[in-house]
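> Sharing work_19.txt below, compact mmCIF, C-alpha atoms:
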# COMPACT_ATOMS: atom_id res chain seq x y z
CA MET I 1235 49.11 -73.55 -51.57
CA PHE I 1236 52.38 -72.72 -53.29
CA ARG I 1237 55.47 -74.51 -52.18
CA SER I 1238 57.72 -71.54 -52.92
CA LEU I 1239 55.68 -68.40 -53.12
CA ARG I 1240 57.86 -65.33 -53.53
CA VAL I 1241 57.39 -62.74 -50.83
CA LYS I 1242 58.69 -59.19 -50.56
CA LYS I 1243 61.46 -59.23 -48.00
CA GLN I 1244 61.96 -55.47 -48.37
CA PRO I 1245 58.58 -53.77 -48.03
CA GLU I 1246 57.98 -50.45 -49.74
CA LYS I 1247 57.80 -47.23 -47.75
CA VAL I 1248 54.31 -45.97 -47.09
CA ALA I 1249 55.39 -42.36 -47.61
CA PRO I 1250 58.33 -40.92 -49.50
CA ASP I 1251 61.40 -39.72 -47.60
CA SER I 1252 61.27 -35.97 -47.32
CA ALA I 1253 62.83 -33.76 -44.69
CA ALA I 1254 60.46 -30.84 -45.08
CA ILE I 1255 56.90 -30.18 -46.08
CA SER I 1256 55.59 -27.61 -48.52
CA VAL I 1257 52.27 -26.20 -49.59
CA GLU I 1258 52.83 -27.93 -52.93
CA GLN I 1259 53.15 -31.24 -51.16
CA LEU I 1260 50.05 -30.64 -49.07
CA SER I 1261 48.19 -29.88 -52.29
CA ARG I 1262 49.12 -33.21 -53.86
CA ASP I 1263 47.40 -36.56 -53.34
CA PRO I 1264 45.98 -36.35 -49.80
CA THR I 1265 46.16 -40.13 -49.35
CA ILE I 1266 49.98 -40.01 -49.23
CA PRO I 1267 50.89 -39.84 -45.53
CA ILE I 1268 52.82 -37.00 -43.93
CA THR I 1269 55.68 -37.99 -41.65
CA PHE I 1270 56.60 -36.56 -38.26
CA ARG I 1271 59.97 -35.54 -39.70
CA GLN I 1272 58.14 -33.34 -42.18
CA ILE I 1273 55.94 -31.78 -39.52
CA ASN I 1274 58.96 -31.20 -37.30
CA SER I 1275 60.55 -29.13 -40.06
CA LEU I 1276 57.82 -26.51 -39.70
CA PRO I 1277 58.12 -23.33 -37.58
CA GLU I 1278 57.44 -23.81 -33.87
CA ASN I 1279 53.92 -22.42 -33.80
CA ALA I 1280 52.88 -24.33 -36.91
CA LYS I 1281 54.05 -27.56 -35.28
CA ARG I 1282 52.12 -26.71 -32.17
CA ARG I 1283 48.94 -26.07 -34.11
CA ILE I 1284 49.23 -29.54 -35.64
CA TYR I 1285 50.28 -31.47 -32.55
CA ARG I 1286 47.58 -29.75 -30.48
CA ALA I 1287 45.17 -32.07 -32.25
CA LEU I 1288 46.84 -35.08 -30.59
CA LEU I 1289 45.43 -34.35 -27.15
CA PRO I 1290 41.69 -34.80 -26.50
CA ALA I 1291 40.18 -31.45 -25.56
CA ALA I 1292 37.72 -33.12 -23.17
CA LEU I 1293 40.55 -34.74 -21.20
CA LEU I 1294 42.46 -31.46 -20.96
CA THR I 1295 39.38 -29.56 -19.86
CA ASP I 1296 38.60 -32.18 -17.20
CA LEU I 1297 42.10 -31.71 -15.82
CA GLY I 1298 41.81 -27.93 -15.79
CA VAL I 1299 43.96 -27.33 -18.86
CA ASP I 1300 43.00 -24.99 -21.67
CA PRO I 1301 43.02 -27.14 -24.84
CA VAL I 1302 44.29 -24.24 -26.99
CA SER I 1303 46.90 -22.49 -24.84
CA TRP I 1304 47.79 -25.66 -22.87
CA LYS I 1305 47.85 -23.53 -19.72
CA GLY I 1306 46.37 -24.42 -16.34
CA THR I 1307 44.16 -22.25 -14.17
CA SER I 1308 47.20 -20.43 -12.76
CA ALA I 1309 48.46 -19.69 -16.29
CA ASP I 1310 51.26 -22.24 -15.99
CA LEU I 1311 52.10 -24.26 -19.11
CA ARG I 1312 50.94 -27.81 -18.42
CA VAL I 1313 51.81 -29.54 -21.70
CA ARG I 1314 55.34 -30.20 -22.83
CA LEU I 1315 55.96 -30.70 -26.55
CA SER I 1316 59.16 -32.11 -27.94
CA ALA I 1317 59.34 -32.24 -31.72
CA GLU I 1318 62.72 -30.94 -32.76
CA ALA I 1319 63.61 -30.23 -36.38
CA ASP I 1320 65.50 -33.07 -38.11
CA THR I 1321 63.98 -35.66 -35.78
CA ASN I 1322 61.34 -38.21 -36.71
CA GLY I 1323 59.23 -38.24 -33.57
CA VAL I 1324 57.03 -36.28 -31.24
CA PHE I 1325 56.72 -36.46 -27.47
CA LEU I 1326 53.87 -34.88 -25.54
CA ALA I 1327 53.51 -34.85 -21.76
CA LEU I 1328 50.65 -33.48 -19.70
CA ARG I 1329 51.75 -32.44 -16.24
CA ASP I 1330 49.62 -32.79 -13.14
CA GLY I 1331 48.49 -29.40 -11.88
CA ASN I 1332 48.94 -30.17 -8.20
CA GLY I 1333 52.71 -30.15 -8.26
CA GLY I 1334 52.97 -33.92 -8.62
CA ALA I 1335 56.22 -35.30 -9.96
CA ASP I 1336 54.59 -37.53 -12.56
CA ASP I 1337 52.87 -36.68 -15.80
CA VAL I 1338 49.21 -37.57 -16.22
CA LEU I 1339 49.67 -38.44 -19.88
CA ARG I 1340 52.78 -39.23 -21.87
CA ILE I 1341 52.70 -40.13 -25.51
CA GLU I 1342 55.57 -40.69 -27.89
CA LEU I 1343 55.12 -41.32 -31.61
CA ALA I 1344 57.74 -41.75 -34.32
CA ASP I 1345 58.12 -42.49 -38.00
CA ASN I 1346 59.28 -46.06 -38.44
CA MET I 1347 61.68 -47.36 -41.09
CA LEU I 1348 58.86 -47.57 -43.62
CA ASN I 1349 57.61 -44.07 -42.76
CA GLY I 1350 54.62 -45.61 -41.01
CA VAL I 1351 53.90 -44.71 -37.38
CA ASP I 1352 55.14 -46.41 -34.21
CA LEU I 1353 53.53 -45.60 -30.88
CA ASN I 1354 56.68 -45.96 -28.82
CA PHE I 1355 55.24 -45.03 -25.47
CA ILE I 1356 51.91 -44.22 -23.90
CA GLN I 1357 51.12 -43.83 -20.23
CA ILE I 1358 47.95 -42.46 -18.73
CA SER I 1359 48.06 -42.26 -14.93
CA ASP I 1360 45.72 -41.09 -12.22
CA PRO I 1361 47.71 -38.30 -10.52
CA HIS I 1362 45.78 -38.91 -7.30
CA GLY I 1363 46.59 -42.64 -7.21
CA THR I 1364 49.21 -44.03 -4.83
CA ARG I 1365 52.63 -44.12 -6.47
CA TYR I 1366 54.70 -47.30 -6.54
CA SER I 1367 58.35 -46.78 -7.46
CA ILE I 1368 58.67 -49.82 -9.69
CA ASP I 1369 60.55 -47.56 -12.14
CA ARG I 1370 63.50 -46.94 -9.78
CA ASP I 1371 65.60 -49.50 -7.94
CA GLU I 1372 66.74 -49.28 -4.32
CA HIS I 1373 69.69 -47.12 -5.46
CA ASP I 1374 67.32 -44.79 -7.33
CA ARG I 1375 68.55 -46.00 -10.70
CA PRO I 1376 65.95 -46.35 -13.48
CA THR I 1377 64.58 -49.86 -13.99
CA HIS I 1378 62.90 -48.96 -17.29
CA PHE I 1379 59.57 -50.03 -15.81
CA GLY I 1380 61.00 -53.29 -14.56
CA THR I 1381 62.38 -54.40 -17.92
CA ALA I 1382 66.07 -53.66 -17.26
CA SER I 1383 66.10 -54.33 -13.52
CA ARG I 1384 63.47 -54.70 -10.82
CA ASN I 1385 62.43 -53.16 -7.55
CA LEU I 1386 60.84 -56.29 -6.09
CA ALA I 1387 59.52 -54.70 -2.89
CA GLU I 1388 57.68 -51.98 -4.82
CA GLU I 1389 56.46 -54.48 -7.40
CA VAL I 1390 54.88 -56.64 -4.71
CA LYS I 1391 53.10 -53.60 -3.28
CA ALA I 1392 51.95 -52.51 -6.75
CA MET I 1393 50.68 -56.01 -7.52
CA HIS I 1394 48.72 -56.20 -4.27
CA ALA I 1395 47.25 -52.75 -5.02
CA GLY I 1396 45.85 -54.15 -8.28
CA LEU I 1397 48.30 -52.59 -10.70
CA ALA I 1398 49.77 -54.41 -13.69
CA PRO I 1399 53.51 -54.70 -14.35
CA GLY I 1400 55.00 -51.43 -15.65
CA GLN I 1401 52.42 -49.24 -13.88
CA THR I 1402 53.56 -46.72 -11.29
CA ARG I 1403 50.01 -45.57 -10.57
CA SER I 1404 46.54 -46.75 -11.45
CA GLY I 1405 45.21 -45.63 -14.82
CA LEU I 1406 42.85 -42.75 -15.49
CA ARG I 1407 40.34 -44.82 -17.49
CA ALA I 1408 40.83 -42.46 -20.40
CA SER I 1409 42.66 -44.74 -22.84
CA GLY I 1410 39.58 -45.19 -25.03
CA LEU I 1411 39.31 -41.45 -25.49
CA VAL I 1412 43.03 -41.03 -26.12
CA PHE I 1413 43.22 -43.86 -28.68
CA THR I 1414 40.13 -42.67 -30.55
CA HIS I 1415 41.64 -39.22 -30.71
CA LEU I 1416 45.02 -40.55 -31.83
CA GLU I 1417 43.41 -42.40 -34.72
CA GLY I 1418 41.64 -39.28 -35.90
CA PHE I 1419 44.95 -37.42 -35.79
CA LEU I 1420 46.75 -40.11 -37.79
CA ALA I 1421 43.96 -40.26 -40.37
CA THR I 1422 44.34 -36.51 -40.80
CA LEU I 1423 48.01 -37.07 -41.62
CA GLY I 1424 47.04 -39.79 -44.11
CA HIS I 1425 48.05 -42.86 -42.10
CA ARG I 1426 45.96 -46.03 -42.20
CA ALA I 1427 47.59 -47.92 -39.33
CA TYR I 1428 50.03 -47.61 -36.47
CA PHE I 1429 52.19 -50.07 -34.59
CA LEU I 1430 53.45 -50.73 -31.08
CA GLU I 1431 55.34 -53.27 -29.04
CA PRO I 1432 53.40 -54.20 -25.89
CA LEU I 1433 55.50 -53.91 -22.74
CA THR I 1434 53.56 -56.57 -20.83
CA TYR I 1435 50.95 -59.30 -21.25
CA ALA I 1436 48.40 -56.99 -19.60
CA SER I 1437 49.09 -54.21 -22.07
CA ALA I 1438 48.85 -56.61 -25.03
CA TRP I 1439 45.47 -57.76 -23.74
CA LEU I 1440 44.31 -54.17 -23.31
CA PHE I 1441 45.45 -53.30 -26.82
CA GLU I 1442 43.51 -56.31 -28.14
CA ARG I 1443 40.42 -54.82 -26.54
CA ARG I 1444 41.17 -51.55 -28.29
CA GLY I 1445 41.15 -53.40 -31.63
CA PHE I 1446 44.81 -54.17 -32.26
CA ALA I 1447 45.94 -57.28 -34.15
CA TYR I 1448 49.37 -58.89 -34.12
CA VAL I 1449 52.20 -58.51 -36.61
CA ARG I 1450 54.19 -60.90 -34.43
CA GLY I 1451 53.13 -62.82 -31.35
CA HIS I 1452 49.51 -63.90 -31.91
CA LYS I 1453 50.50 -67.54 -31.65
CA LEU I 1454 52.53 -66.82 -28.50
CA MET I 1455 49.47 -65.20 -26.90
CA ASP I 1456 47.35 -68.23 -27.85
CA ASP I 1457 50.03 -70.54 -26.45
CA ILE I 1458 50.16 -68.56 -23.19
CA HIS I 1459 46.40 -68.87 -22.75
CA CYS I 1460 46.50 -72.57 -23.51
CA GLU I 1461 49.39 -73.27 -21.14
CA PHE I 1462 47.74 -71.37 -18.28
CA GLN I 1463 44.79 -73.77 -18.37
CA PRO I 1464 44.74 -76.60 -15.80
CA GLY I 1465 47.18 -79.26 -16.96
CA GLY I 1466 49.29 -76.71 -18.85
CA ARG I 1467 52.94 -75.97 -18.17
CA LEU I 1468 52.35 -72.36 -17.12
CA HIS I 1469 49.53 -73.47 -14.84
CA ALA I 1470 51.98 -75.85 -13.19
CA ALA I 1471 54.60 -73.11 -12.93
CA VAL I 1472 52.43 -70.78 -10.82
CA ASP I 1473 53.54 -72.88 -7.91
CA GLY I 1474 53.94 -70.34 -5.12
CA SER I 1475 57.71 -70.20 -5.61
CA SER I 1476 57.66 -66.39 -5.63
CA PRO I 1477 55.14 -63.67 -4.75
CA PHE I 1478 54.55 -63.28 -8.48
CA ARG I 1479 53.79 -66.97 -9.07
CA GLN I 1480 50.86 -67.67 -6.79
CA PRO I 1481 48.52 -70.51 -7.80
CA GLU I 1482 45.41 -68.45 -8.53
CA GLN I 1483 47.18 -66.01 -10.81
CA TRP I 1484 46.44 -68.01 -13.94
CA ARG I 1485 42.80 -66.89 -13.69
CA THR I 1486 43.35 -63.18 -14.39
CA VAL I 1487 45.09 -60.97 -16.92
CA ARG I 1488 47.03 -59.14 -14.22
CA GLY I 1489 47.97 -62.36 -12.44
CA ARG I 1490 49.33 -63.86 -15.65
CA ALA I 1491 51.08 -60.59 -16.49
CA TRP I 1492 52.97 -60.52 -13.16
CA ALA I 1493 53.98 -64.16 -13.55
CA ILE I 1494 55.21 -63.46 -17.09
CA HIS I 1495 57.01 -60.34 -15.87
CA ASP I 1496 58.68 -62.67 -13.34
CA GLY I 1497 60.00 -64.85 -16.17
CA ILE I 1498 57.54 -67.72 -16.07
CA LEU I 1499 57.57 -68.13 -19.86
CA GLU I 1500 60.83 -70.05 -19.43
CA ALA I 1501 58.56 -72.98 -18.58
CA ILE I 1502 57.45 -73.11 -22.23
CA GLY I 1503 60.82 -72.10 -23.70
CA ALA I 1504 59.59 -68.64 -24.64
CA ARG I 1505 60.29 -65.02 -23.71
CA TRP I 1506 58.19 -61.87 -23.63
CA ASP I 1507 60.08 -60.38 -26.50
CA GLY I 1508 59.49 -59.28 -30.07
CA LEU I 1509 55.71 -58.98 -29.99
CA ARG I 1510 54.43 -56.32 -32.34
CA MET I 1511 50.87 -55.12 -32.69
CA VAL I 1512 49.06 -53.13 -35.34
CA LYS I 1513 45.92 -51.03 -35.25
CA GLN I 1514 44.16 -50.38 -38.51
CA VAL I 1515 42.71 -46.88 -38.33
CA GLY I 1516 38.95 -47.06 -37.88
CA LYS I 1517 38.82 -50.86 -37.63
CA HIS I 1518 38.60 -53.32 -34.75
CA SER I 1519 40.44 -56.55 -35.47
CA GLY I 1520 38.42 -58.63 -33.02
CA VAL I 1521 41.43 -60.48 -31.58
CA VAL I 1522 40.64 -62.30 -28.32
CA THR I 1523 43.45 -64.46 -26.99
CA PHE I 1524 41.99 -64.73 -23.47
CA PRO I 1525 38.26 -65.39 -23.90
CA ASP I 1526 35.99 -64.29 -21.03
CA ALA I 1527 38.98 -62.77 -19.32
CA VAL I 1528 38.93 -61.31 -15.85
CA TYR I 1529 41.31 -58.36 -15.71
CA MET D 1456 19.75 -59.65 -47.08
CA GLU D 1457 23.20 -58.20 -46.41
CA ARG D 1458 25.48 -59.88 -43.93
CA LYS D 1459 29.00 -58.91 -42.79
CA ARG D 1460 31.10 -60.90 -40.37
CA GLN D 1461 34.73 -61.13 -39.32
CA ILE D 1462 37.06 -63.57 -37.59
CA THR D 1463 40.69 -63.10 -36.52
CA ARG D 1464 43.01 -65.94 -35.67
CA ALA D 1465 46.74 -66.59 -35.35
CA ALA D 1466 48.47 -67.49 -38.59
CA GLU D 1467 48.94 -71.18 -37.94
CA LEU D 1468 47.65 -74.25 -39.71
CA SER D 1469 45.37 -75.18 -36.83
CA SER D 1470 43.39 -71.98 -37.52
CA LEU D 1471 42.34 -73.17 -40.99
CA ALA D 1472 39.46 -75.21 -39.61
CA ASP D 1473 38.22 -72.09 -37.77
CA PHE D 1474 38.30 -70.09 -41.00
CA ARG D 1475 36.38 -72.79 -42.91
CA ASP D 1476 33.83 -73.11 -40.10
CA PHE D 1477 33.47 -69.33 -40.07
CA ILE D 1478 32.67 -69.30 -43.79
CA GLU D 1479 30.16 -72.09 -43.32
CA ALA D 1480 28.47 -70.43 -40.33
CA SER D 1481 28.39 -67.01 -42.02
CA CYS D 1482 26.75 -68.41 -45.14
CA PHE D 1483 24.38 -70.72 -43.31
CA ASP D 1484 20.77 -70.17 -44.19
CA HIS D 1485 21.49 -67.21 -46.42
CA PRO D 1486 18.87 -67.27 -49.16
CA ALA D 1487 21.32 -66.44 -51.95
CA MET D 1488 23.91 -69.07 -51.02
CA ASN D 1489 24.28 -72.51 -52.55
CA ASP D 1490 26.59 -75.49 -52.01
CA ARG D 1491 28.83 -74.70 -54.98
CA VAL D 1492 29.57 -71.13 -53.88
CA LEU D 1493 30.09 -72.26 -50.30
CA TYR D 1494 32.57 -74.92 -51.43
CA ASP D 1495 34.50 -72.40 -53.54
CA LEU D 1496 34.66 -69.89 -50.70
CA LYS D 1497 35.96 -72.49 -48.26
CA LEU D 1498 38.55 -73.65 -50.78
CA ALA D 1499 39.62 -70.06 -51.43
CA VAL D 1500 40.02 -69.18 -47.74
CA ASP D 1501 41.90 -72.40 -47.14
CA GLU D 1502 44.34 -71.85 -50.00
CA ALA D 1503 44.89 -68.15 -49.35
CA CYS D 1504 45.44 -68.58 -45.61
CA THR D 1505 47.77 -71.53 -46.14
CA ASN D 1506 49.90 -69.30 -48.37
CA ILE D 1507 49.97 -66.60 -45.69
CA ILE D 1508 50.87 -69.07 -42.94
CA THR D 1509 53.50 -70.89 -44.97
CA HIS D 1510 55.08 -67.98 -46.83
CA GLY D 1511 53.84 -64.61 -45.52
CA TYR D 1512 54.75 -65.26 -41.90
CA ALA D 1513 57.71 -67.53 -42.66
CA GLY D 1514 60.53 -66.94 -40.19
CA MET D 1515 58.35 -64.84 -37.88
CA ASP D 1516 56.50 -65.54 -34.67
CA PRO D 1517 53.11 -65.72 -36.41
CA GLY D 1518 50.84 -62.74 -36.28
CA SER D 1519 47.16 -62.42 -37.13
CA ILE D 1520 44.99 -63.21 -40.11
CA ILE D 1521 41.70 -61.30 -40.37
CA VAL D 1522 38.99 -62.87 -42.54
CA GLU D 1523 35.92 -60.81 -43.38
CA LEU D 1524 32.92 -62.07 -45.30
CA GLU D 1525 30.32 -59.73 -46.70
CA ILE D 1526 27.28 -61.15 -48.45
CA ARG D 1527 25.33 -58.71 -50.54
CA GLU D 1528 22.34 -59.20 -52.75
CA GLU D 1529 24.28 -60.20 -55.85
CA GLN D 1530 27.76 -61.08 -54.67
CA VAL D 1531 29.85 -62.25 -51.79
CA GLU D 1532 33.12 -60.55 -50.89
CA LEU D 1533 35.84 -62.36 -48.96
CA THR D 1534 38.66 -60.19 -47.61
CA ILE D 1535 41.76 -61.70 -46.06
CA THR D 1536 44.23 -59.39 -44.31
CA ASP D 1537 47.61 -60.26 -42.82
CA PHE D 1538 50.68 -58.37 -41.61
CA GLY D 1539 53.46 -60.68 -42.74
CA HIS D 1540 55.66 -60.36 -45.80
CA ALA D 1541 53.70 -59.14 -48.79
CA PHE D 1542 53.61 -61.52 -51.68
CA GLU D 1543 54.03 -60.68 -55.33
CA PRO D 1544 51.09 -62.16 -57.28
CA ARG D 1545 52.68 -61.49 -60.66
CA ASN D 1546 55.69 -63.58 -59.69
CA ALA D 1547 53.65 -66.47 -58.32
CA PRO D 1548 54.68 -69.77 -59.94
CA GLN D 1549 52.01 -71.28 -62.15
CA PRO D 1550 51.09 -74.96 -61.85
CA ASN D 1551 52.01 -77.17 -64.79
CA LEU D 1552 48.65 -78.40 -66.02
CA GLU D 1553 50.26 -80.43 -68.82
CA ALA D 1554 52.33 -82.61 -66.51
CA ALA D 1555 51.06 -85.95 -65.34
CA LEU D 1556 49.33 -85.87 -61.98
CA ALA D 1557 51.98 -88.11 -60.46
CA ASP D 1558 54.71 -85.65 -61.49
CA GLN D 1559 52.96 -82.66 -60.00
CA ASP D 1560 54.39 -80.64 -57.18
CA PRO D 1561 51.96 -81.12 -54.28
CA GLY D 1562 51.69 -77.33 -54.02
CA GLY D 1563 51.19 -74.82 -56.75
CA PHE D 1564 47.46 -74.81 -57.26
CA GLY D 1565 46.40 -72.32 -54.61
CA LEU D 1566 46.07 -69.13 -56.62
CA PHE D 1567 45.11 -71.14 -59.69
CA PHE D 1568 42.04 -72.46 -57.89
CA ILE D 1569 41.24 -69.02 -56.54
CA TYR D 1570 41.43 -67.41 -59.98
CA GLN D 1571 39.34 -70.24 -61.45
CA THR D 1572 36.53 -69.98 -58.93
CA MET D 1573 36.32 -66.28 -58.07
CA ASP D 1574 34.95 -63.58 -60.33
CA ASN D 1575 37.42 -60.96 -59.18
CA VAL D 1576 40.71 -61.07 -57.30
CA ASP D 1577 42.37 -57.92 -55.92
CA TYR D 1578 45.57 -57.79 -53.92
CA ALA D 1579 47.06 -54.76 -52.24
CA CYS D 1580 49.76 -54.32 -49.66
CA GLY D 1581 50.29 -51.18 -47.64
CA GLU D 1582 50.57 -49.65 -44.20
CA ALA D 1583 47.44 -51.42 -42.94
CA GLY D 1584 48.56 -54.88 -44.03
CA ASN D 1585 48.32 -57.16 -47.04
CA CYS D 1586 44.79 -57.41 -48.29
CA LEU D 1587 43.44 -60.08 -50.65
CA ARG D 1588 39.89 -59.29 -51.75
CA LEU D 1589 37.95 -62.02 -53.54
CA THR D 1590 34.58 -61.47 -55.12
CA ARG D 1591 32.14 -64.14 -56.21
CA ARG D 1592 28.83 -63.39 -57.88
CA LEU D 1593 25.86 -65.17 -56.39
CA PRO D 1594 23.46 -67.17 -58.54
CA THR D 1595 20.10 -65.58 -59.10
CA GLY D 1596 18.33 -68.83 -58.25
CA LYS D 1597 19.40 -71.44 -55.71
CA GLY D 1598 20.98 -74.48 -57.26
Output the file's structure in the form of structure tokens.


Amino acid sequence: MFRSLRVKKQPEKVAPDSAAISVEQLSRDPTIPITFRQINSLPENAKRRIYRALLPAALLTDLGVDPVSWKGTSADLRVRLSAEADTNGVFLALRDGNGGADDVLRIELADNMLNGVDLNFIQISDPHGTRYSIDRDEHDRPTHFGTASRNLAEEVKAMHAGLAPGQTRSGLRASGLVFTHLEGFLATLGHRAYFLEPLTYASAWLFERRGFAYVRGHKLMDDIHCEFQPGGRLHAAVDGSSPFRQPEQWRTVRGRAWAIHDGILEAIGARWDGLRMVKQVGKHSGVVTFPDAVY
Amino acid sequence: MERKRQITRAAELSSLADFRDFIEASCFDHPAMNDRVLYDLKLAVDEACTNIITHGYAGMDPGSIIVELEIREEQVELTITDFGHAFEPRNAPQPNLEAALADQDPGGFGLFFIYQTMDNVDYACGEAGNCLRLTRRLPTGKG
């Protein structure tokens, strides 16, 4: 090894800064990525043609939504697109057709500082699943999915219903389809990877299964697994001192996730903070930090 | 007989043994492999990953290192990907081969060994990580 190998502290941008996109630019080297800021500079219908490719047609059809017009069976617009000019992100939400308050799918993508892509938010919920208001406190103020404040009574109910921290409803089991589709969309734009920050231990584990690796936090995930084993400090800390720290929770992804959500990482001097994951388009990294896991 | 395998571990020194074992297991019983090539591959993965752990992820909560090994009929390709700080191969310090062994910096030979033992060395950094691709031709006869 080198004792003082020089590293680049200021990485280069993956795509040049450009506010707008032109036919000339599209005609140039197709391996240079296109940013969301550039797409957002296009006329409204052009943007919609492009962003339409973000949503899997099969999922829309299953939910009674026309994949081209985005309208439901009663001709109501079911997909909301937010991609304003001079912004660097896109937000898409698919509304439930039965008048439910929650969206079935929410996805938010943005250019990052290096003009790569950050998946800032994704939520896929079963509109028919029981709703747990873990996202609002007893005064109806937002909890930011339990990260800013907590609704403990709703969290206990959600946990006992088999949900993971941050979930208001059970999932739709469509994440594989959505992620595969997302990768195809990003490859079309010329991107080779995208990044995210996992909200919870359960989501990090799920993203591992989808093929993500870690930019930051792989060692922390290994440490968490190690410390949850019998004799470990996290194993000792699931001591029944709160509903979220019951002794058997170390055995499952969700059990660990609720204990971590409850702050148990203090026992090893760590916090659930700063993890960053990366997915290489078309590749599975093979990361497994919880071997033979039970979800 | 083509063979392609991959392992991903956290960027920490305790993972080095896993990477070496992975190389050994992936090459085991391959008709085109010999002890010399196996030794060079293990040395290369050890040196390259140590650089990533020590320098690439310095100051960060360590992320992942992905090691892929592909054995083809005439060559073996070792690809090491990480997501830490990219390094600048052209600015890498060279070891002083003239100095007495006792005066040598304990580090400094990593890339030197890699360049000495591999037939081709490519390095690229981009959106999908930092990728070091090492190629070693395989001997036509076992030896």

> Could you give me, as a list in words, the residues within 7 Å of segment 1313-1324 of chain I, counting all atoms listed in the file and dropping anything in the same chain fewer than 4 positions from it?

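Counting only the stated atoms, we get Phe1270, Arg1271, Asn1274, Ser1275, Trp1304, Leu1328, Arg1329, Glu1342, Leu1343, Ala1344 and Asp1345 of chain I.
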
> Which is closest to Cys1504 of chain D among D:Glu1479, D:Asp1516, D:Glu1532, D:Glu1467, if we use all atoms listed in the file?

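Among the listed residues, the smallest separation from Cys1504 of chain D belongs to D:Glu1467.
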
> For the atom pair atom CA of Gly1298 of chain I and atom CA of Gly1333 of chain I, what is the interatomic distance in Å to one decimal place?

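Going from atom CA of Gly1298 of chain I over to atom CA of Gly1333 of chain I, I get 13.4 Å.
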
> Nearest to chain D among I:Thr1265, I:Gln1401, I:Thr1307, I:Gln1259, with distances taken over all atoms listed in the file: which residue is it?

I:Thr1265

> Using only C-alpha atoms, which chain I residues lie at most 10 Å away from chain D, written as a PyMOL selection string?

chain I and resi 1235-1249+1267+1348-1351+1425-1429+1446-1456+1508-1515+1518-1523

> Can you work out the spacing between atom CA of Arg1282 of chain I and atom CA of Ala1335 of chain I in Å, to one decimal?

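Atom-to-atom, atom CA of Arg1282 of chain I and atom CA of Ala1335 of chain I are spaced 24.2 Å apart.
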
> Between D:Leu1524, D:Leu1496, D:Leu1471, D:Ile1478, single out the one closest to Glu1457 of chain D, counting all atoms listed in the file.

D:Leu1524

> Using all atoms listed in the file, which protein or nucleic acid residues come within 9 Å of Val1302 of chain I? Drop anything in the same chain fewer than 6 positions from it, and give the result as JSON, numbers by chain.

{"I": [1283, 1286, 1291]}

> Counting only C-alpha atoms, which of D:Cys1482, D:Val1492, D:Leu1468, D:Leu1593 gets nearest to Glu1528 of chain D?

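Nearest candidate to Glu1528 of chain D out of D:Cys1482, D:Val1492, D:Leu1468, D:Leu1593: D:Leu1593.
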
> Could you check which of D:Glu1523, D:Asp1495, D:Asp1484, D:Glu1529 is closest to Thr1572 of chain D, using only C-alpha atoms?

D:Asp1495

> What does the distance from atom CA of Asn1332 of chain I to atom CA of Leu1293 of chain I come to in Å, to one decimal?

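About the pair atom CA of Asn1332 of chain I and atom CA of Leu1293 of chain I: they are 16.1 Å apart.
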
> Within 8 Å of (68.7, -51.0, -13.5) (file coordinates; all atoms listed in the file), which protein or nucleic acid residues are there? I'd like them as a PDB file with C-alpha atoms, in the coordinates of the input.


ATOM      1  CA  ARG I1370      63.500 -46.940  -9.780  1.00  0.00           C
ATOM      2  CA  ASP I1371      65.600 -49.500  -7.940  1.00  0.00           C
ATOM      3  CA  ARG I1375      68.550 -46.000 -10.700  1.00  0.00           C
ATOM      4  CA  PRO I1376      65.950 -46.350 -13.480  1.00  0.00           C
ATOM      5  CA  THR I1377      64.580 -49.860 -13.990  1.00  0.00           C
ATOM      6  CA  HIS I1378      62.900 -48.960 -17.290  1.00  0.00           C
ATOM      7  CA  ALA I1382      66.070 -53.660 -17.260  1.00  0.00           C
ATOM      8  CA  SER I1383      66.100 -54.330 -13.520  1.00  0.00           C
ATOM      9  CA  ARG I1384      63.470 -54.700 -10.820  1.00  0.00           C
TER      10      ARG I1384
END

> Kindly reconstruct segment 1273-1279 of chain I with N, CA and C atoms and present the result as a JSON list (two decimals), keeping the file's coordinate frame.


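Output (result-v7.json):
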[["chain", "number", "residue", "atom", "x", "y", "z"],
["I", 1273, "ILE", "N", 56.62, -32.76, -40.40],
["I", 1273, "ILE", "CA", 55.94, -31.78, -39.52],
["I", 1273, "ILE", "C", 56.97, -31.05, -38.66],
["I", 1274, "ASN", "N", 57.96, -31.80, -38.19],
["I", 1274, "ASN", "CA", 58.96, -31.20, -37.30],
["I", 1274, "ASN", "C", 59.83, -30.15, -38.00],
["I", 1275, "SER", "N", 59.77, -30.13, -39.32],
["I", 1275, "SER", "CA", 60.55, -29.13, -40.06],
["I", 1275, "SER", "C", 59.83, -27.78, -40.09],
["I", 1276, "LEU", "N", 58.61, -27.75, -39.65],
["I", 1276, "LEU", "CA", 57.82, -26.51, -39.70],
["I", 1276, "LEU", "C", 58.22, -25.56, -38.57],
["I", 1277, "PRO", "N", 57.86, -24.28, -38.69],
["I", 1277, "PRO", "CA", 58.12, -23.33, -37.58],
["I", 1277, "PRO", "C", 57.41, -23.78, -36.30],
["I", 1278, "GLU", "N", 57.90, -23.34, -35.19],
["I", 1278, "GLU", "CA", 57.44, -23.81, -33.87],
["I", 1278, "GLU", "C", 55.92, -23.72, -33.69],
["I", 1279, "ASN", "N", 55.36, -22.57, -34.03],
["I", 1279, "ASN", "CA", 53.92, -22.42, -33.80],
["I", 1279, "ASN", "C", 53.08, -23.26, -34.76]]
